[in-house]
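Reproduced below: start33.cif, with mmCIF, C-alpha atoms and all ligand atoms.
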```cif
data_target
loop_
_atom_site.label_atom_id
_atom_site.label_comp_id
_atom_site.auth_asym_id
_atom_site.auth_seq_id
_atom_site.Cartn_x
_atom_site.Cartn_y
_atom_site.Cartn_z
CA MET A 238 13.83 15.90 -1.92
CA PRO A 239 15.76 12.66 -1.29
CA MET A 240 16.12 12.14 -5.05
CA MET A 241 17.62 15.62 -5.39
CA ASN A 242 19.77 15.07 -2.33
CA MET A 243 21.22 11.92 -3.89
CA ARG A 244 21.68 13.76 -7.23
CA LEU A 245 19.32 11.32 -8.92
CA ALA A 246 17.02 14.18 -9.97
CA SER A 247 17.93 17.72 -11.01
CA PRO A 248 14.69 19.44 -11.97
CA ALA A 249 14.92 22.81 -13.71
CA HIS A 250 11.85 24.05 -11.82
CA LEU A 251 10.11 23.14 -8.57
CA ILE A 252 6.39 23.77 -8.02
CA ASP A 253 5.29 24.10 -4.40
CA ILE A 254 1.75 22.72 -3.99
CA ASN A 255 1.71 22.97 -0.19
CA ASP A 256 -0.77 25.87 -0.22
CA LEU A 257 -3.44 23.85 -2.08
CA SER A 258 -5.11 22.89 1.18
CA GLU A 259 -8.19 21.46 -0.58
CA LEU A 260 -5.90 18.69 -1.86
CA ALA A 261 -5.17 17.58 1.71
CA GLN A 262 -8.74 16.55 2.54
CA VAL A 263 -10.08 13.11 3.39
CA ARG A 264 -13.80 12.63 2.68
CA LEU A 265 -16.46 10.03 2.00
CA ARG A 266 -17.76 9.87 -1.58
CA GLY A 267 -20.60 7.37 -1.74
CA ASP A 268 -19.05 3.97 -1.07
CA SER A 269 -15.48 5.27 -1.56
CA LEU A 270 -13.06 7.10 0.67
CA GLU A 271 -11.35 9.95 -1.17
CA VAL A 272 -7.91 10.96 0.07
CA GLY A 273 -6.41 14.14 -1.39
CA ALA A 274 -2.93 13.93 -2.93
CA LEU A 275 -1.54 16.37 -0.37
CA ALA A 276 -2.76 14.42 2.68
CA ARG A 277 0.28 13.64 4.87
CA HIS A 278 0.99 10.08 5.99
CA ARG A 279 0.34 11.11 9.61
CA ALA A 280 -3.02 12.69 8.74
CA VAL A 281 -4.04 9.47 6.98
CA ALA A 282 -2.88 7.35 9.92
CA GLU A 283 -4.86 9.47 12.39
CA SER A 284 -8.01 10.21 10.36
CA PRO A 285 -11.19 8.84 12.00
CA LEU A 286 -12.70 8.44 8.51
CA VAL A 287 -9.76 6.30 7.37
CA ARG A 288 -9.93 4.26 10.58
CA GLU A 289 -13.63 3.57 10.05
CA HIS A 290 -13.81 3.06 6.29
CA CYS A 291 -10.34 1.94 5.18
CA PRO A 292 -8.51 0.50 8.20
CA LEU A 293 -5.91 -1.22 5.99
CA LEU A 294 -4.76 2.22 4.79
CA MET A 295 -4.53 3.46 8.37
CA GLN A 296 -2.42 0.48 9.44
CA ALA A 297 -0.08 0.89 6.45
CA ALA A 298 0.34 4.67 6.85
CA ARG A 299 1.35 4.19 10.50
CA THR A 300 4.36 2.10 9.45
CA ILE A 301 5.87 4.59 6.98
CA GLY A 302 9.41 5.79 7.64
CA HIS A 303 10.29 7.98 10.59
CA TYR A 304 8.34 10.73 12.33
CA ALA A 305 9.62 13.44 9.97
CA VAL A 306 8.72 11.39 6.88
CA ARG A 307 5.19 10.77 8.18
CA GLU A 308 4.78 14.48 9.01
CA ARG A 309 5.81 15.77 5.57
CA GLY A 310 5.41 12.88 3.08
CA THR A 311 2.19 12.91 1.06
CA VAL A 312 -0.05 10.28 -0.49
CA GLY A 313 0.28 11.81 -3.97
CA GLY A 314 4.06 12.21 -3.66
CA SER A 315 4.47 8.61 -2.55
CA LEU A 316 2.37 7.27 -5.44
CA ALA A 317 4.10 9.50 -8.02
CA HIS A 318 7.49 8.45 -6.61
CA ALA A 319 6.41 4.78 -7.14
CA ASP A 320 8.90 2.99 -4.94
CA PRO A 321 8.28 -0.79 -5.36
CA ALA A 322 8.07 -1.25 -1.57
CA ALA A 323 6.04 1.85 -0.68
CA GLN A 324 3.06 1.32 1.59
CA HIS A 325 0.64 3.55 -0.34
CA ALA A 326 1.33 1.84 -3.65
CA LEU A 327 0.75 -1.58 -2.07
CA VAL A 328 -2.53 -0.62 -0.41
CA ALA A 329 -3.78 1.12 -3.56
CA VAL A 330 -3.08 -1.93 -5.74
CA THR A 331 -4.43 -4.42 -3.18
CA LEU A 332 -7.71 -2.54 -2.76
CA GLY A 333 -8.08 -1.57 -6.42
CA ALA A 334 -7.96 2.16 -5.65
CA LYS A 335 -8.52 4.71 -8.40
CA LEU A 336 -6.42 7.84 -8.89
CA THR A 337 -7.78 11.08 -10.29
CA LEU A 338 -5.17 12.85 -12.41
CA ALA A 339 -5.51 16.38 -13.71
CA SER A 340 -3.89 18.54 -16.37
CA ARG A 341 -4.97 21.69 -18.16
CA GLY A 342 -6.70 19.38 -20.63
CA GLY A 343 -9.03 17.94 -17.98
CA GLU A 344 -9.17 15.02 -15.56
CA ARG A 345 -8.85 11.26 -15.97
CA VAL A 346 -9.30 8.36 -13.57
CA VAL A 347 -6.78 5.52 -13.57
CA ASP A 348 -6.68 2.21 -11.66
CA ALA A 349 -3.72 2.07 -9.26
CA GLY A 350 -2.55 -1.12 -11.01
CA GLU A 351 -2.36 0.75 -14.33
CA PHE A 352 -0.92 3.93 -12.84
CA LEU A 353 2.20 2.14 -11.55
CA THR A 354 4.04 0.85 -14.61
CA SER A 355 7.44 -0.16 -13.18
CA ALA A 356 9.87 0.73 -10.41
CA MET A 357 9.80 4.52 -9.98
CA SER A 358 7.63 4.83 -13.12
CA THR A 359 4.00 5.79 -13.63
CA THR A 360 1.61 6.80 -16.40
CA LEU A 361 1.70 10.44 -15.24
CA ALA A 362 2.18 12.73 -18.22
CA PRO A 363 4.64 15.62 -17.77
CA ASP A 364 1.79 18.11 -17.41
CA GLU A 365 -0.34 16.00 -15.06
CA MET A 366 -0.67 15.85 -11.30
CA VAL A 367 -2.38 13.50 -8.90
CA LEU A 368 -5.45 15.13 -7.36
CA SER A 369 -6.77 12.33 -5.16
CA VAL A 370 -7.07 8.59 -4.58
CA ARG A 371 -10.37 6.78 -4.07
CA TYR A 372 -10.34 3.59 -2.02
CA PRO A 373 -13.40 1.31 -1.84
CA CYS A 374 -14.81 1.43 1.69
CA ALA A 375 -14.40 -1.76 3.70
CA GLY A 376 -17.55 -3.86 3.48
CA PRO A 377 -19.52 -5.23 6.46
CA GLY A 378 -17.47 -7.73 8.43
CA GLU A 379 -14.27 -7.04 6.47
CA VAL A 380 -11.10 -7.16 8.54
CA SER A 381 -7.58 -6.31 7.42
CA ALA A 382 -3.93 -6.52 8.42
CA PHE A 383 -0.65 -5.02 7.21
CA ARG A 384 2.69 -6.70 7.88
CA MET A 385 6.17 -5.75 6.71
CA PHE A 386 9.80 -6.52 7.38
CA ASN A 387 12.67 -4.06 7.06
CA GLN A 388 16.28 -4.24 8.16
CA ARG A 389 16.21 -0.99 10.16
CA HIS A 390 13.35 0.97 11.64
CA GLY A 391 12.18 3.58 9.12
CA ASP A 392 13.64 1.87 6.05
CA PHE A 393 11.50 0.80 3.13
CA ALA A 394 10.26 -2.77 3.54
CA LEU A 395 12.16 -5.72 2.10
CA VAL A 396 8.72 -7.28 1.76
CA ALA A 397 5.31 -5.91 2.80
CA VAL A 398 1.94 -7.65 2.79
CA ALA A 399 -1.57 -6.17 2.84
CA ALA A 400 -4.57 -8.44 3.40
CA THR A 401 -8.33 -8.15 3.78
CA LEU A 402 -10.68 -10.96 4.75
CA THR A 403 -14.45 -11.23 5.02
CA LEU A 404 -16.05 -14.15 6.81
CA VAL A 405 -19.68 -15.18 6.41
CA GLU A 406 -20.97 -17.90 8.75
CA GLY A 407 -17.40 -18.85 9.62
CA ARG A 408 -16.23 -19.29 6.02
CA VAL A 409 -14.07 -17.07 3.84
CA ALA A 410 -16.43 -15.06 1.63
CA ALA A 411 -13.76 -12.68 0.29
CA LEU A 412 -9.97 -12.55 0.41
CA ARG A 413 -7.47 -10.03 -0.97
CA VAL A 414 -3.72 -10.29 -0.55
CA GLY A 415 -1.14 -7.85 -1.96
CA VAL A 416 2.65 -8.05 -1.76
CA GLY A 417 5.15 -5.22 -2.14
CA GLY A 418 8.93 -5.33 -2.52
CA VAL A 419 9.09 -8.56 -4.55
CA ALA A 420 8.62 -7.05 -8.03
CA PRO A 421 9.02 -3.64 -9.71
CA VAL A 422 5.42 -2.82 -8.73
CA PRO A 423 3.22 -4.17 -5.90
CA GLN A 424 1.17 -7.21 -6.86
CA ARG A 425 -2.32 -8.28 -5.87
CA LEU A 426 -2.14 -12.08 -5.70
CA GLU A 427 -5.50 -12.79 -7.30
CA GLY A 428 -4.70 -16.50 -7.54
CA LEU A 429 -5.05 -16.77 -3.75
CA GLU A 430 -8.72 -15.90 -3.99
CA ARG A 431 -9.35 -19.57 -4.92
CA PHE A 432 -8.91 -20.33 -1.20
CA GLY A 433 -12.27 -18.66 -0.50
CA GLY A 434 -15.22 -20.69 0.76
CA ARG A 435 -13.17 -22.52 3.40
CA VAL A 436 -13.02 -22.34 7.19
CA PRO A 437 -9.91 -20.25 7.98
CA ASP A 438 -8.10 -22.43 10.50
CA ILE A 439 -4.36 -22.59 11.05
CA ASP A 440 -3.87 -25.13 8.25
CA TRP A 441 -5.73 -22.82 5.86
CA VAL A 442 -3.48 -19.90 6.80
CA ALA A 443 -0.36 -22.02 6.16
CA GLU A 444 -1.71 -23.29 2.83
CA VAL A 445 -2.52 -19.79 1.54
CA ALA A 446 0.88 -18.50 2.71
CA ARG A 447 2.67 -21.32 0.85
CA ALA A 448 0.70 -20.52 -2.29
CA ALA A 449 1.64 -16.84 -1.90
CA ARG A 450 5.30 -17.78 -1.82
CA GLU A 451 4.86 -19.84 -4.99
CA SER A 452 3.13 -16.89 -6.71
CA VAL A 453 6.05 -14.46 -6.40
CA SER A 454 9.37 -14.40 -8.25
CA PRO A 455 11.65 -11.88 -6.53
CA GLU A 456 14.79 -10.84 -8.37
CA GLU A 457 18.24 -11.63 -7.01
CA HIS A 458 19.82 -8.65 -5.28
CA PRO A 459 23.48 -8.46 -4.17
CA ARG A 460 22.43 -8.02 -0.52
CA VAL A 461 19.01 -9.66 -0.48
CA PRO A 462 18.77 -13.17 -1.98
CA ALA A 463 15.55 -13.90 -3.88
CA LEU A 464 15.00 -16.94 -1.62
CA TYR A 465 14.96 -14.65 1.41
CA ARG A 466 12.23 -12.45 -0.06
CA SER A 467 10.23 -15.59 -1.02
CA GLU A 468 10.45 -16.88 2.55
CA LEU A 469 9.51 -13.47 3.91
CA THR A 470 6.47 -13.46 1.65
CA GLU A 471 5.25 -16.75 3.10
CA THR A 472 5.91 -15.64 6.68
CA LEU A 473 4.28 -12.22 6.31
CA VAL A 474 1.23 -13.54 4.46
CA ALA A 475 0.76 -16.11 7.24
CA ARG A 476 1.06 -13.41 9.91
CA ALA A 477 -1.27 -11.00 8.11
CA LEU A 478 -3.93 -13.66 7.55
CA ALA A 479 -3.63 -14.98 11.11
CA ARG A 480 -4.17 -11.42 12.34
CA CYS A 481 -7.21 -11.04 10.07
CA VAL A 482 -8.71 -14.30 11.35
CA GLU A 483 -7.99 -13.24 14.94
CA ARG A 484 -9.67 -9.86 14.31
CA SER A 485 -12.72 -11.58 12.86
CA GLY A 486 -13.00 -13.63 16.05
CA ALA A 487 -12.81 -16.97 14.20
CA PHE A 488 -9.83 -18.27 16.27
CA ALA A 489 -11.65 -17.53 19.54
C1 LIG B 1 14.35 8.75 4.90
C2 LIG B 1 13.08 8.38 4.18
C3 LIG B 1 12.43 7.19 4.51
C4 LIG B 1 11.25 6.83 3.85
N1 LIG B 1 10.63 5.67 4.18
C5 LIG B 1 9.50 5.33 3.55
C6 LIG B 1 8.82 4.13 3.87
O1 LIG B 1 9.21 3.37 4.74
N2 LIG B 1 7.68 3.83 3.18
C7 LIG B 1 7.19 4.67 2.21
O2 LIG B 1 6.15 4.34 1.62
N3 LIG B 1 7.79 5.83 1.89
C8 LIG B 1 8.94 6.17 2.53
N4 LIG B 1 9.57 7.33 2.19
C9 LIG B 1 8.99 8.15 1.09
C10 LIG B 1 8.02 9.18 1.66
O3 LIG B 1 6.93 8.48 2.19
C11 LIG B 1 7.48 10.19 0.64
O4 LIG B 1 6.22 9.84 0.17
C12 LIG B 1 8.33 10.39 -0.55
O5 LIG B 1 9.64 10.77 -0.14
C13 LIG B 1 7.75 11.50 -1.43
O6 LIG B 1 7.73 12.68 -0.67
P1 LIG B 1 6.59 13.77 -0.87
O7 LIG B 1 5.26 13.14 -0.67
O8 LIG B 1 6.95 14.96 -0.05
O9 LIG B 1 6.69 14.11 -2.41
P2 LIG B 1 7.83 14.97 -3.15
O10 LIG B 1 9.17 14.61 -2.65
O11 LIG B 1 7.42 16.39 -3.12
O12 LIG B 1 7.59 14.43 -4.62
C14 LIG B 1 8.03 13.14 -5.01
C15 LIG B 1 7.79 13.03 -6.52
O13 LIG B 1 6.38 12.99 -6.76
C16 LIG B 1 6.00 14.13 -7.54
N5 LIG B 1 4.75 14.59 -6.94
C17 LIG B 1 4.50 14.95 -5.65
N6 LIG B 1 3.20 15.22 -5.48
C18 LIG B 1 2.60 15.02 -6.67
C19 LIG B 1 1.26 15.14 -7.14
N7 LIG B 1 0.25 15.51 -6.34
N8 LIG B 1 1.01 14.85 -8.44
C20 LIG B 1 2.02 14.46 -9.26
N9 LIG B 1 3.30 14.33 -8.90
C21 LIG B 1 3.58 14.61 -7.61
C22 LIG B 1 7.13 15.12 -7.43
O14 LIG B 1 7.21 15.92 -8.59
C23 LIG B 1 8.34 14.20 -7.33
O15 LIG B 1 8.72 13.71 -8.60
C24 LIG B 1 10.73 7.69 2.85
C25 LIG B 1 11.37 8.89 2.53
C26 LIG B 1 12.54 9.24 3.20
C27 LIG B 1 13.20 10.54 2.84
#
```

Taking this structure as input, can you express it in the form of structure tokens?
Ligand SMILES: Cc1cc2nc3c(=O)[nH]c(=O)nc-3n(C[C@H](O)[C@H](O)[C@H](O)COP(=O)(O)OP(=O)(O)OC[C@H]3O[C@@H](n4cnc5c(N)ncnc54)[C@H](O)[C@@H]3O)c2cc1C
Amino acid sequence: MPMMNMRLASPAHLIDINDLSELAQVRLRGDSLEVGALARHRAVAESPLVREHCPLLMQAARTIGHYAVRERGTVGGSLAHADPAAQHALVAVTLGAKLTLASRGGERVVDAGEFLTSAMSTTLAPDEMVLSVRYPCAGPGEVSAFRMFNQRHGDFALVAVAATLTLVEGRVAALRVGVGGVAPVPQRLEGLERFGGRVPDIDWVAEVARAARESVSPEEHPRVPALYRSELTETLVARALARCVERSGAFA
């Protein structure tokens, strides 16, 4: 609707999928959480299943836009829209979610990182739709945090960060960090996973955050200097990781 409102899109036909209520369901599928394409951002943010099995998704969905956007916006619409700073795209890439796409020819499953090809671009064929997204359930002891910065409440983020952390006997056993808003598609910073195996104290948080900043190359923008987005990346990664460590009880 916003794309049509801004005259950026003028489709010859509109297909209303709002009555396909089975596409709005959230359910457990083995060790994955399946979220239907028509699930609204608010439903995701308030789902007990999402809270229990994919808390990063819950935290991210809570921060989307304004009340009206959360009430009407959908997971499938957000992913198909493919805004570089969108919360759903960032969480899907960070967690390695898989999308099920369907056409009259059948279904196919695509990794979120392959689905999003560039800003506002995906691998969706003209006759395909998103049916659902499968997120791996959070493992035992996994904690997560979502942090973002925008200029006005409800705007897309200038930079957003999603992080998950698993501690075993006080050391980092697993770490995932994703950044949105600094490139045409969200990025999972796999290089940061080399910081595993260490005790996550304040120095560790600062070191990982500095490395995150060095891993991104934001483009210059007339109103947002690249340096600003780089600094935001470091700050938000530090805040997200500090929150994860706090949630795991390791700072106590
Ligand atoms: C004022 C405003 C502020 C916003 N702020 C944020 C924000 O902070 N963060 C954020 O992440 N998002 C934000 N959004 C985007 C919002 O979250 C919606 O996801 C987005 O507008 C798409 O809306 P929709 O889900 O109703 O999809 P639609 O508008 O119906 O569709 C969007 C596109 O996706 C296609 N599409 C929809 N569903 C499917 C499907 N199942 N399969 C294939 N293609 C499909 C449509 O054909 C269309 O091309 C904002 C939107 C507005 C208007």

Grab me every residue within 8 Å of ligand LIG 1 (chain B), counting all atoms listed in the file, and send it over as an mmCIF file with C-alpha atoms, in the coordinates of the input.
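Output contents, as saved in out04.cif:
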```
data_model
loop_
_atom_site.group_PDB
_atom_site.id
_atom_site.type_symbol
_atom_site.label_atom_id
_atom_site.label_comp_id
_atom_site.auth_asym_id
_atom_site.auth_seq_id
_atom_site.Cartn_x
_atom_site.Cartn_y
_atom_site.Cartn_z
ATOM 1 C CA MET A 238 13.830 15.900 -1.920
ATOM 2 C CA PRO A 239 15.760 12.660 -1.290
ATOM 3 C CA MET A 240 16.120 12.140 -5.050
ATOM 4 C CA LEU A 251 10.110 23.140 -8.570
ATOM 5 C CA ILE A 252 6.390 23.770 -8.020
ATOM 6 C CA ILE A 254 1.750 22.720 -3.990
ATOM 7 C CA ALA A 274 -2.930 13.930 -2.930
ATOM 8 C CA LEU A 275 -1.540 16.370 -0.370
ATOM 9 C CA ARG A 277 0.280 13.640 4.870
ATOM 10 C CA HIS A 278 0.990 10.080 5.990
ATOM 11 C CA ALA A 298 0.340 4.670 6.850
ATOM 12 C CA THR A 300 4.360 2.100 9.450
ATOM 13 C CA ILE A 301 5.870 4.590 6.980
ATOM 14 C CA GLY A 302 9.410 5.790 7.640
ATOM 15 C CA HIS A 303 10.290 7.980 10.590
ATOM 16 C CA VAL A 306 8.720 11.390 6.880
ATOM 17 C CA ARG A 307 5.190 10.770 8.180
ATOM 18 C CA ARG A 309 5.810 15.770 5.570
ATOM 19 C CA GLY A 310 5.410 12.880 3.080
ATOM 20 C CA THR A 311 2.190 12.910 1.060
ATOM 21 C CA VAL A 312 -0.050 10.280 -0.490
ATOM 22 C CA GLY A 313 0.280 11.810 -3.970
ATOM 23 C CA GLY A 314 4.060 12.210 -3.660
ATOM 24 C CA SER A 315 4.470 8.610 -2.550
ATOM 25 C CA LEU A 316 2.370 7.270 -5.440
ATOM 26 C CA ALA A 317 4.100 9.500 -8.020
ATOM 27 C CA HIS A 318 7.490 8.450 -6.610
ATOM 28 C CA ASP A 320 8.900 2.990 -4.940
ATOM 29 C CA ALA A 322 8.070 -1.250 -1.570
ATOM 30 C CA ALA A 323 6.040 1.850 -0.680
ATOM 31 C CA GLN A 324 3.060 1.320 1.590
ATOM 32 C CA HIS A 325 0.640 3.550 -0.340
ATOM 33 C CA ALA A 326 1.330 1.840 -3.650
ATOM 34 C CA LEU A 338 -5.170 12.850 -12.410
ATOM 35 C CA LEU A 361 1.700 10.440 -15.240
ATOM 36 C CA GLU A 365 -0.340 16.000 -15.060
ATOM 37 C CA MET A 366 -0.670 15.850 -11.300
ATOM 38 C CA VAL A 367 -2.380 13.500 -8.900
ATOM 39 C CA LEU A 368 -5.450 15.130 -7.360
ATOM 40 C CA SER A 369 -6.770 12.330 -5.160
ATOM 41 C CA GLY A 391 12.180 3.580 9.120
ATOM 42 C CA ASP A 392 13.640 1.870 6.050
ATOM 43 C CA PHE A 393 11.500 0.800 3.130
ATOM 44 C CA ALA A 394 10.260 -2.770 3.540
#
```

Among listed residues A:Ala399, A:Met243, A:Val453, A:Ala443, nearest Ala297 (chain A) (using only C-alpha atoms): A:Ala399

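Among A:Glu351, A:Lys335, A:Cys291, A:Arg341, the residue with the shortest atom-to-atom distance to Gln424 (chain A), counting all atoms listed in the file, is A:Glu351.
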
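The interatomic distance for the pair CA of Glu271 (chain A) and CA of Phe383 (chain A) works out to 20.2 Å.
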
When distances are computed from all atoms listed in the file, which of A:Arg447, A:His390, A:Ala246, A:Ser452 shows the smallest separation from Glu471 (chain A)?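 Distance minimum relative to Glu471 (chain A) lands on A:Arg447.
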
Any idea what's packed within 8 Å of Leu353 (chain A), counting all atoms listed in the file, ignoring anything in its chain fewer than 3 positions away? Could you give it as a list of chain:residue names?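 Residues near the query, excluding close chain neighbours: A:Leu316, A:Ala319, A:Ala326, A:Ala349, A:Gly350, A:Ala356, A:Ser358, A:Thr359, A:Thr360, A:Val422.
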
Filtering to C-alpha atoms, could you give me those residues as a PDB file, keeping the file's coordinate frame?
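Everything below was put into part.pdb:
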```pdb
ATOM      1  CA  LEU A 316       2.370   7.270  -5.440  1.00  0.00           C
ATOM      2  CA  ALA A 319       6.410   4.780  -7.140  1.00  0.00           C
ATOM      3  CA  ALA A 326       1.330   1.840  -3.650  1.00  0.00           C
ATOM      4  CA  ALA A 349      -3.720   2.070  -9.260  1.00  0.00           C
ATOM      5  CA  GLY A 350      -2.550  -1.120 -11.010  1.00  0.00           C
ATOM      6  CA  ALA A 356       9.870   0.730 -10.410  1.00  0.00           C
ATOM      7  CA  SER A 358       7.630   4.830 -13.120  1.00  0.00           C
ATOM      8  CA  THR A 359       4.000   5.790 -13.630  1.00  0.00           C
ATOM      9  CA  THR A 360       1.610   6.800 -16.400  1.00  0.00           C
ATOM     10  CA  VAL A 422       5.420  -2.820  -8.730  1.00  0.00           C
TER      11      VAL A 422
END
```

Taking into account all atoms listed in the file, which residue in the set A:Val405, A:Val419, A:Ala449, A:Ala382 is nearest to Gly434 (chain A)? A:Val405

Considering all atoms listed in the file, can you say which of A:Val330, A:Val436, A:Ala261, A:Leu469 comes closest to Ala397 (chain A)?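 Closest to Ala397 (chain A) of all the choices is A:Leu469.
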
Expressed in Å to a single decimal, how great is the separation between CA of Phe352 (chain A) and CA of Arg460 (chain A)?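 Those two atoms sit 29.0 Å apart.
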
Could the centre and edge lengths of an axis-aligned box, enclosing all atoms of region 246-249 of chain A in the file with 6 Å extra on each side, be given in Å to one decimal as JSON?
```
{"center_x": 16.3, "center_y": 18.5, "center_z": -11.8, "size_x": 15.2, "size_y": 20.6, "size_z": 15.7}
```

Find the distance between CA of Val380 (chain A) and CA of Leu260 (chain A) and write it in Å to one decimal. 28.3 Å

Which one of A:Ala479, A:Val414, A:Ala463, A:Leu257 sits closest to Ala448 (chain A) if you count all atoms listed in the file? A:Val414

Write out as a ChimeraX atom specification the residues lying within 9 Å of Leu473 (chain A), counting all atoms listed in the file and excluding same-chain residues fewer than 4 positions away. /A:383-386,396-398,446,468-469,477-478

Completion of region 263-275 of chain A up to N, CA, C and O atoms, as a compact mmCIF listing (two decimals), in the coordinates of the input:
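Just written: result12.txt:
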```
# COMPACT_ATOMS: atom_id res chain seq x y z
N VAL A 263 -9.64 14.51 3.41
CA VAL A 263 -10.08 13.11 3.39
C VAL A 263 -11.60 13.16 3.52
O VAL A 263 -12.11 13.79 4.45
N ARG A 264 -12.32 12.57 2.58
CA ARG A 264 -13.80 12.63 2.68
C ARG A 264 -14.44 11.38 2.08
O ARG A 264 -13.83 10.70 1.25
N LEU A 265 -15.68 11.16 2.53
CA LEU A 265 -16.46 10.03 2.00
C LEU A 265 -17.14 10.46 0.71
O LEU A 265 -17.71 11.55 0.65
N ARG A 266 -17.07 9.60 -0.31
CA ARG A 266 -17.76 9.87 -1.58
C ARG A 266 -18.54 8.62 -1.92
O ARG A 266 -17.98 7.67 -2.49
N GLY A 267 -19.81 8.58 -1.51
CA GLY A 267 -20.60 7.37 -1.74
C GLY A 267 -19.97 6.20 -0.99
O GLY A 267 -19.71 6.28 0.21
N ASP A 268 -19.66 5.13 -1.73
CA ASP A 268 -19.05 3.97 -1.07
C ASP A 268 -17.53 3.97 -1.22
O ASP A 268 -16.89 2.92 -1.12
N SER A 269 -16.94 5.16 -1.47
CA SER A 269 -15.48 5.27 -1.56
C SER A 269 -14.97 6.29 -0.54
O SER A 269 -15.70 7.20 -0.14
N LEU A 270 -13.73 6.12 -0.18
CA LEU A 270 -13.06 7.10 0.67
C LEU A 270 -12.07 7.84 -0.22
O LEU A 270 -11.19 7.21 -0.83
N GLU A 271 -12.22 9.16 -0.30
CA GLU A 271 -11.35 9.95 -1.17
C GLU A 271 -10.28 10.63 -0.33
O GLU A 271 -10.60 11.38 0.60
N VAL A 272 -9.03 10.37 -0.66
CA VAL A 272 -7.91 10.96 0.07
C VAL A 272 -7.17 11.89 -0.90
O VAL A 272 -6.72 11.46 -1.97
N GLY A 273 -7.07 13.16 -0.54
CA GLY A 273 -6.41 14.14 -1.39
C GLY A 273 -4.92 13.85 -1.52
O GLY A 273 -4.29 13.32 -0.60
N ALA A 274 -4.35 14.24 -2.65
CA ALA A 274 -2.93 13.93 -2.93
C ALA A 274 -1.99 14.55 -1.90
O ALA A 274 -0.91 14.04 -1.65
N LEU A 275 -2.43 15.67 -1.30
CA LEU A 275 -1.54 16.37 -0.37
C LEU A 275 -1.74 15.92 1.09
O LEU A 275 -1.13 16.48 2.00
```
